[in-house]
$ cat entry-v9.txt   # compact mmCIF, C-alpha atoms and all ligand atoms
# COMPACT_ATOMS: atom_id res chain seq x y z
CA MET A 1 0.81 17.36 9.61
CA LYS A 2 1.34 16.01 6.10
CA PRO A 3 4.56 14.07 5.48
CA LYS A 4 7.25 16.24 3.85
CA HIS A 5 7.06 14.44 0.50
CA ASP A 6 3.32 15.26 0.16
CA LEU A 7 4.09 18.96 0.30
CA GLN A 8 6.74 18.69 -2.37
CA LEU A 9 5.35 19.90 -5.72
CA LYS A 10 7.64 18.22 -8.18
CA PRO A 11 8.52 14.56 -8.07
CA LYS A 12 12.01 13.67 -6.91
CA TYR A 13 13.85 11.27 -9.16
CA THR A 14 16.39 8.97 -7.54
CA ALA A 15 18.48 6.64 -9.66
CA PHE A 16 20.05 3.44 -8.34
CA VAL A 17 22.80 1.53 -10.06
CA ALA A 18 25.21 -1.25 -9.17
CA THR A 19 28.34 -1.13 -11.26
CA SER A 20 31.66 -2.86 -11.74
CA ILE A 21 34.79 -0.73 -11.22
CA ASP A 22 34.90 -0.25 -14.99
CA GLY A 23 31.37 1.14 -15.22
CA ARG A 24 29.51 -1.94 -16.46
CA ILE A 25 26.06 -2.79 -15.17
CA ALA A 26 25.74 -6.31 -16.63
CA LYS A 27 27.48 -8.80 -18.88
CA SER A 28 24.66 -8.56 -21.44
CA SER A 29 21.22 -6.99 -21.88
CA ARG A 30 19.32 -10.26 -21.97
CA GLY A 31 19.69 -13.93 -21.15
CA SER A 32 21.89 -15.40 -18.42
CA GLY A 33 24.40 -12.52 -18.70
CA ALA A 34 21.70 -10.14 -17.51
CA LYS A 35 21.48 -11.71 -14.05
CA LEU A 36 22.44 -9.42 -11.18
CA ASP A 37 24.05 -12.29 -9.25
CA TRP A 38 27.34 -10.43 -8.82
CA THR A 39 26.03 -7.63 -6.61
CA SER A 40 26.51 -7.82 -2.85
CA ARG A 41 23.93 -8.82 -0.26
CA GLU A 42 24.53 -5.48 1.45
CA ASP A 43 23.69 -3.56 -1.72
CA TRP A 44 20.54 -5.64 -2.21
CA ASP A 45 19.42 -4.86 1.35
CA PHE A 46 20.07 -1.15 0.86
CA PHE A 47 18.24 -1.22 -2.49
CA GLN A 48 15.17 -3.00 -1.12
CA ALA A 49 14.93 -0.69 1.90
CA SER A 50 15.20 2.34 -0.42
CA LEU A 51 12.56 1.04 -2.83
CA ALA A 52 10.10 0.63 0.03
CA ARG A 53 10.07 4.44 0.31
CA MET A 54 9.38 5.04 -3.39
CA ASP A 55 6.00 5.68 -5.02
CA ALA A 56 6.97 4.31 -8.43
CA VAL A 57 9.86 2.96 -10.48
CA ILE A 58 10.97 3.55 -14.09
CA VAL A 59 12.68 0.77 -16.03
CA GLY A 60 13.49 -0.19 -19.59
CA ARG A 61 11.83 -3.16 -21.25
CA ASN A 62 14.87 -5.44 -20.88
CA THR A 63 15.19 -4.75 -17.18
CA TYR A 64 11.45 -5.25 -16.78
CA ASN A 65 11.66 -8.64 -18.51
CA ILE A 66 14.52 -9.74 -16.27
CA ALA A 67 13.08 -8.53 -12.98
CA LYS A 68 9.32 -8.77 -13.69
CA LYS A 69 8.45 -10.53 -10.45
CA TYR A 70 9.95 -7.69 -8.37
CA ILE A 71 8.80 -4.85 -10.61
CA GLU A 72 5.17 -5.93 -10.88
CA ARG A 73 4.76 -5.52 -7.12
CA ARG A 74 5.19 -1.75 -7.49
CA HIS A 75 3.77 1.09 -9.51
CA ALA A 76 6.05 0.80 -12.52
CA ILE A 77 6.62 2.67 -15.76
CA VAL A 78 8.28 0.64 -18.47
CA LEU A 79 9.83 2.57 -21.35
CA THR A 80 9.42 0.90 -24.72
CA THR A 81 9.08 1.83 -28.38
CA ARG A 82 6.70 -1.10 -28.88
CA THR A 83 3.52 0.72 -27.94
CA SER A 84 2.07 3.87 -29.45
CA GLU A 85 -0.47 4.48 -26.71
CA SER A 86 0.30 3.97 -23.05
CA LYS A 87 -0.93 0.60 -21.83
CA THR A 88 -1.50 -0.43 -18.22
CA LEU A 89 -1.48 -3.99 -16.93
CA GLY A 90 -1.99 -4.24 -13.18
CA MET A 91 0.37 -1.67 -11.64
CA THR A 92 2.66 -1.57 -14.69
CA THR A 93 2.32 1.07 -17.41
CA PHE A 94 4.14 0.68 -20.72
CA LEU A 95 5.00 4.03 -22.31
CA HIS A 96 6.67 5.17 -25.49
CA PRO A 97 8.36 8.42 -24.39
CA LYS A 98 8.07 9.94 -27.85
CA LYS A 99 4.28 9.37 -27.83
CA THR A 100 3.45 9.95 -24.17
CA ASP A 101 5.00 12.59 -21.94
CA VAL A 102 6.62 10.57 -19.13
CA LYS A 103 6.91 13.52 -16.73
CA LYS A 104 3.26 14.48 -17.25
CA HIS A 105 2.21 10.89 -16.67
CA ILE A 106 4.11 10.87 -13.36
CA GLU A 107 2.68 14.20 -12.27
CA LYS A 108 -0.84 13.10 -13.16
CA LYS A 109 -0.39 10.00 -11.04
CA ARG A 110 0.92 12.23 -8.22
CA TYR A 111 4.01 10.11 -7.68
CA LYS A 112 6.41 12.12 -5.54
CA ARG A 113 9.35 9.75 -5.17
CA VAL A 114 10.33 8.00 -8.31
CA ALA A 115 13.14 5.44 -8.56
CA VAL A 116 15.04 5.25 -11.84
CA LEU A 117 16.24 1.66 -12.09
CA GLY A 118 17.84 1.44 -15.52
CA GLY A 119 19.11 -0.06 -17.72
CA ALA A 120 21.45 2.04 -19.77
CA GLY A 121 18.82 3.61 -22.05
CA VAL A 122 16.66 4.62 -19.12
CA TYR A 123 19.47 6.18 -17.09
CA ASP A 124 20.41 8.12 -20.19
CA TYR A 125 16.83 9.18 -20.97
CA CYS A 126 16.19 10.33 -17.40
CA LEU A 127 19.46 12.25 -17.16
CA ARG A 128 18.80 14.07 -20.45
CA HIS A 129 15.21 14.91 -19.43
CA LYS A 130 16.01 16.30 -15.96
CA MET A 131 14.60 13.25 -14.27
CA LEU A 132 17.63 12.40 -12.17
CA ASP A 133 17.99 14.48 -9.01
CA GLU A 134 20.06 12.09 -6.96
CA PHE A 135 22.07 9.04 -7.81
CA PHE A 136 23.06 6.08 -5.67
CA VAL A 137 25.99 4.23 -7.22
CA THR A 138 27.21 1.01 -5.68
CA VAL A 139 30.65 0.11 -6.95
CA GLU A 140 31.19 -3.63 -6.63
CA PRO A 141 34.86 -4.71 -6.62
CA TYR A 142 35.01 -6.32 -10.07
CA VAL A 143 36.40 -5.39 -13.47
CA PHE A 144 34.23 -6.79 -16.29
CA THR A 145 36.36 -5.58 -19.24
CA THR A 146 33.26 -5.57 -21.44
CA GLY A 147 29.49 -5.58 -20.96
CA VAL A 148 26.55 -3.16 -20.72
CA GLN A 149 27.69 0.41 -20.09
CA MET A 150 25.91 2.43 -17.39
CA PHE A 151 24.68 5.07 -19.85
CA SER A 152 23.92 4.57 -23.52
CA GLY A 153 24.33 8.18 -24.66
CA GLN A 154 24.80 8.87 -28.35
CA LYS A 155 26.73 12.10 -27.98
CA PHE A 156 29.16 13.39 -25.39
CA SER A 157 27.60 15.53 -22.65
CA LYS A 158 29.00 16.43 -19.25
CA TYR A 159 26.60 16.55 -16.31
CA LYS A 160 27.79 17.76 -12.94
CA PHE A 161 27.18 15.88 -9.71
CA SER A 162 28.25 16.52 -6.17
CA LEU A 163 29.17 13.72 -3.74
CA VAL A 164 26.82 13.67 -0.75
CA SER A 165 28.08 10.59 1.08
CA MET A 166 30.13 7.44 0.73
CA LYS A 167 29.92 4.23 2.69
CA ARG A 168 31.84 1.00 2.68
CA LEU A 169 29.19 -1.73 2.69
CA ASN A 170 31.29 -4.81 3.47
CA LYS A 171 34.78 -6.25 3.96
CA ARG A 172 35.21 -7.01 0.25
CA GLY A 173 34.93 -3.30 -0.46
CA SER A 174 31.55 -2.69 -2.07
CA ILE A 175 31.18 1.09 -1.89
CA LEU A 176 27.91 3.00 -1.83
CA LEU A 177 28.18 6.51 -3.24
CA LYS A 178 25.40 9.07 -3.09
CA TYR A 179 25.51 11.98 -5.52
CA LYS A 180 23.20 14.86 -6.11
CA LYS A 181 22.78 16.49 -9.47
CA ILE A 182 23.99 20.05 -9.74
CA LYS A 183 21.54 22.16 -11.70
CA GLY A 184 22.55 23.64 -15.03
N1 LIG A 201 23.52 -3.10 -12.37
C1 LIG A 201 22.41 -2.43 -12.31
O1 LIG A 201 22.17 -1.64 -11.39
C2 LIG A 201 21.36 -2.63 -13.37
C3 LIG A 201 20.19 -1.88 -13.36
C4 LIG A 201 19.27 -2.10 -14.38
C5 LIG A 201 19.54 -3.03 -15.37
N2 LIG A 201 20.69 -3.72 -15.32
C6 LIG A 201 21.03 -4.67 -16.36
O2 LIG A 201 21.10 -3.97 -17.58
C7 LIG A 201 20.69 -4.84 -18.62
C8 LIG A 201 19.53 -4.21 -19.36
O3 LIG A 201 19.90 -2.93 -19.72
P1 LIG A 201 19.65 -2.38 -21.18
O4 LIG A 201 20.28 -1.04 -21.22
O5 LIG A 201 20.02 -3.41 -22.16
O6 LIG A 201 18.09 -2.36 -21.22
P2 LIG A 201 16.89 -1.49 -20.63
O7 LIG A 201 17.18 -0.05 -20.58
O8 LIG A 201 16.37 -2.16 -19.42
O9 LIG A 201 15.91 -1.82 -21.82
C9 LIG A 201 16.18 -1.35 -23.11
C10 LIG A 201 14.87 -1.29 -23.79
O10 LIG A 201 14.01 -0.42 -23.07
C11 LIG A 201 13.32 0.43 -23.93
N3 LIG A 201 13.83 1.79 -23.77
C12 LIG A 201 14.88 2.21 -23.03
N4 LIG A 201 15.00 3.54 -23.12
C13 LIG A 201 14.01 3.96 -23.94
C14 LIG A 201 13.62 5.22 -24.41
N5 LIG A 201 14.27 6.33 -24.08
N6 LIG A 201 12.56 5.27 -25.25
C15 LIG A 201 11.88 4.16 -25.60
N7 LIG A 201 12.20 2.93 -25.18
C16 LIG A 201 13.25 2.84 -24.35
C17 LIG A 201 13.58 -0.12 -25.32
O11 LIG A 201 12.61 -1.17 -25.44
P3 LIG A 201 11.92 -1.62 -26.81
O12 LIG A 201 12.94 -2.46 -27.49
O13 LIG A 201 10.70 -2.36 -26.36
O14 LIG A 201 11.61 -0.37 -27.56
C18 LIG A 201 14.96 -0.72 -25.20
O15 LIG A 201 15.22 -1.71 -26.14
C19 LIG A 201 20.28 -6.13 -17.99
O16 LIG A 201 21.38 -6.98 -18.04
C20 LIG A 201 20.00 -5.74 -16.57
O17 LIG A 201 20.22 -6.80 -15.67
C21 LIG A 201 21.62 -3.54 -14.36
$ encode --input "entry-v9.txt" --output "structure tokens" --more "lines below"
Ligand SMILES: NC(=O)c1ccc[n+]([C@@H]2O[C@H](COP(=O)([O-])OP(=O)(O)OC[C@H]3O[C@@H](n4cnc5c(N)ncnc54)[C@H](OP(=O)(O)O)[C@@H]3O)[C@@H](O)[C@H]2O)c1
Amino acid sequence: MKPKHDLQLKPKYTAFVATSIDGRIAKSSRGSGAKLDWTSREDWDFFQASLARMDAVIVGRNTYNIAKKYIERRHAIVLTTRTSESKTLGMTTFLHPKKTDVKKHIEKKRYKRVAVLGGAGVYDYCLRHKMLDEFFVTVEPYVFTTGVQMFSGQKFSKYKFSLVSMKRLNKRGSILLKYKKIKG
């Protein structure tokens, strides 16, 4: 019998984010402030185990530049405005979403489980384009006071989610939340 995900027609989009208590995903978009050295070991282990089950990942160009060595090991889609035609290097495809239909690209490639890995522009793009079915949010016990916001939306919109599970990952209090998107 075929595995369940092969029978699924539409791809399932799962977003992963590690955030401070105040909803920041990094100190800055680039440079040393972009390092994810503040997230917990337990979150990293969960993240890696989850990625192993994914067919492809979607990232923004900044996140790609920071985490190239991890991203290039997987089928990856990098969103960027710096290309008019989609361009593939190894397993990485660079796409301009206004020039190439991202969903069609994914369906053509027959990816069934797609991980949305950020940053802020990508979470926002995927949420607005119905490419975010479930959302794993790890809240690390820090307040950053400033930094990169989780979503970079330009106008207020309210999307509904329902909490599926919550788990304390360690003694310090890193919390893993799983949400599913409510349609509509
Ligand atoms: N804590 C976490 O879980 C987590 C996860 C991911 C990233 N991060 C952190 O977040 C920071 C990077 O986030 P970020 O928001 O600055 O950058 P990002 O989303 O990784 O990259 C932004 C760039 O991606 C491209 N892009 C994004 N959305 C696009 C769209 N809809 N259409 C076309 N191009 C698009 C653009 O590239 P061009 O300029 O080439 O057009 C844009 O300048 C880093 O510090 C990273 O470490 C944290």
$ residues_near_point --input "entry-v9.txt" --point "(23.0, 17.2, -9.3)" --cutoff "7 Å" --atoms "all atoms listed in the file" --output "list in words"
Asp133, Glu134, Lys160, Phe161, Ser162, Tyr179, Lys180, Lys181, Ile182 and Lys183 of chain A
$ write_last_selection --input "entry-v9.txt" --atoms "C-alpha atoms" --output "PDB file, in the coordinates of the input"
ATOM      1  CA  ASP A 133      17.990  14.480  -9.010  1.00  0.00           C
ATOM      2  CA  GLU A 134      20.060  12.090  -6.960  1.00  0.00           C
ATOM      3  CA  LYS A 160      27.790  17.760 -12.940  1.00  0.00           C
ATOM      4  CA  PHE A 161      27.180  15.880  -9.710  1.00  0.00           C
ATOM      5  CA  SER A 162      28.250  16.520  -6.170  1.00  0.00           C
ATOM      6  CA  TYR A 179      25.510  11.980  -5.520  1.00  0.00           C
ATOM      7  CA  LYS A 180      23.200  14.860  -6.110  1.00  0.00           C
ATOM      8  CA  LYS A 181      22.780  16.490  -9.470  1.00  0.00           C
ATOM      9  CA  ILE A 182      23.990  20.050  -9.740  1.00  0.00           C
ATOM     10  CA  LYS A 183      21.540  22.160 -11.700  1.00  0.00           C
TER      11      LYS A 183
END
$ atom_distance --input "entry-v9.txt" --atom1 "atom CA of Phe151 of chain A" --atom2 "atom CA of Leu89 of chain A"
27.8 Å
$ atom_distance --input "entry-v9.txt" --atom1 "atom O3 of ligand LIG 201 (chain A)" --atom2 "atom CA of Val148 of chain A"
6.7 Å
$ atom_distance --input "entry-v9.txt" --atom1 "atom CA of Tyr125 of chain A" --atom2 "atom CA of Leu95 of chain A"
13.0 Å
$ closest_atom_pairs --input "entry-v9.txt" --of "chain A" --to "ligand LIG 201 (chain A)" --cutoff "6 Å" --atoms "all atoms listed in the file" --output "JSON lines"
{"residue": "A:Val17", "atom": "CA", "partner": "A:LIG201", "partner_atom": "O1", "distance": 3.5}
{"residue": "A:Ala18", "atom": "CA", "partner": "A:LIG201", "partner_atom": "O1", "distance": 3.8}
{"residue": "A:Thr19", "atom": "CA", "partner": "A:LIG201", "partner_atom": "N1", "distance": 5.3}
{"residue": "A:Ile25", "atom": "CA", "partner": "A:LIG201", "partner_atom": "N1", "distance": 3.8}
{"residue": "A:Ala26", "atom": "CA", "partner": "A:LIG201", "partner_atom": "O16", "distance": 4.6}
{"residue": "A:Ser28", "atom": "CA", "partner": "A:LIG201", "partner_atom": "O16", "distance": 5.0}
{"residue": "A:Ser29", "atom": "CA", "partner": "A:LIG201", "partner_atom": "O5", "distance": 3.8}
{"residue": "A:Arg30", "atom": "CA", "partner": "A:LIG201", "partner_atom": "O16", "distance": 5.5}
{"residue": "A:Ala34", "atom": "CA", "partner": "A:LIG201", "partner_atom": "O16", "distance": 3.2}
{"residue": "A:Lys35", "atom": "CA", "partner": "A:LIG201", "partner_atom": "O17", "distance": 5.3}
{"residue": "A:Leu36", "atom": "CA", "partner": "A:LIG201", "partner_atom": "O17", "distance": 5.7}
{"residue": "A:Val59", "atom": "CA", "partner": "A:LIG201", "partner_atom": "O8", "distance": 5.8}
{"residue": "A:Gly60", "atom": "CA", "partner": "A:LIG201", "partner_atom": "O8", "distance": 3.5}
{"residue": "A:Arg61", "atom": "CA", "partner": "A:LIG201", "partner_atom": "O10", "distance": 3.9}
{"residue": "A:Asn62", "atom": "CA", "partner": "A:LIG201", "partner_atom": "O9", "distance": 3.9}
{"residue": "A:Thr63", "atom": "CA", "partner": "A:LIG201", "partner_atom": "O8", "distance": 3.6}
{"residue": "A:Leu79", "atom": "CA", "partner": "A:LIG201", "partner_atom": "N7", "distance": 4.5}
{"residue": "A:Thr80", "atom": "CA", "partner": "A:LIG201", "partner_atom": "N7", "distance": 3.5}
{"residue": "A:Thr81", "atom": "CA", "partner": "A:LIG201", "partner_atom": "O14", "distance": 3.5}
{"residue": "A:Arg82", "atom": "CA", "partner": "A:LIG201", "partner_atom": "O13", "distance": 4.9}
{"residue": "A:His96", "atom": "CA", "partner": "A:LIG201", "partner_atom": "C15", "distance": 5.3}
{"residue": "A:Pro97", "atom": "CA", "partner": "A:LIG201", "partner_atom": "N6", "distance": 5.3}
{"residue": "A:Leu117", "atom": "CA", "partner": "A:LIG201", "partner_atom": "C4", "distance": 5.3}
{"residue": "A:Gly118", "atom": "CA", "partner": "A:LIG201", "partner_atom": "C4", "distance": 4.0}
{"residue": "A:Gly119", "atom": "CA", "partner": "A:LIG201", "partner_atom": "O7", "distance": 3.5}
{"residue": "A:Ala120", "atom": "CA", "partner": "A:LIG201", "partner_atom": "O4", "distance": 3.6}
{"residue": "A:Gly121", "atom": "CA", "partner": "A:LIG201", "partner_atom": "N4", "distance": 4.0}
{"residue": "A:Val122", "atom": "CA", "partner": "A:LIG201", "partner_atom": "N4", "distance": 4.5}
{"residue": "A:Tyr125", "atom": "CA", "partner": "A:LIG201", "partner_atom": "N5", "distance": 4.9}
$ axis_aligned_box --input "entry-v9.txt" --around "segment 120-137 of chain A" --padding-each-side "8 Å" --output "JSON"
{"center_x": 20.3, "center_y": 9.2, "center_z": -13.9, "size_x": 27.4, "size_y": 30.3, "size_z": 32.4}
$ residues_around --input "entry-v9.txt" --residues "Arg172 of chain A" --least-positions-apart "4" --cutoff "10 Å" --atoms "all atoms listed in the file" --output "list in words"
Ser40, Glu140, Pro141 and Arg168 of chain A
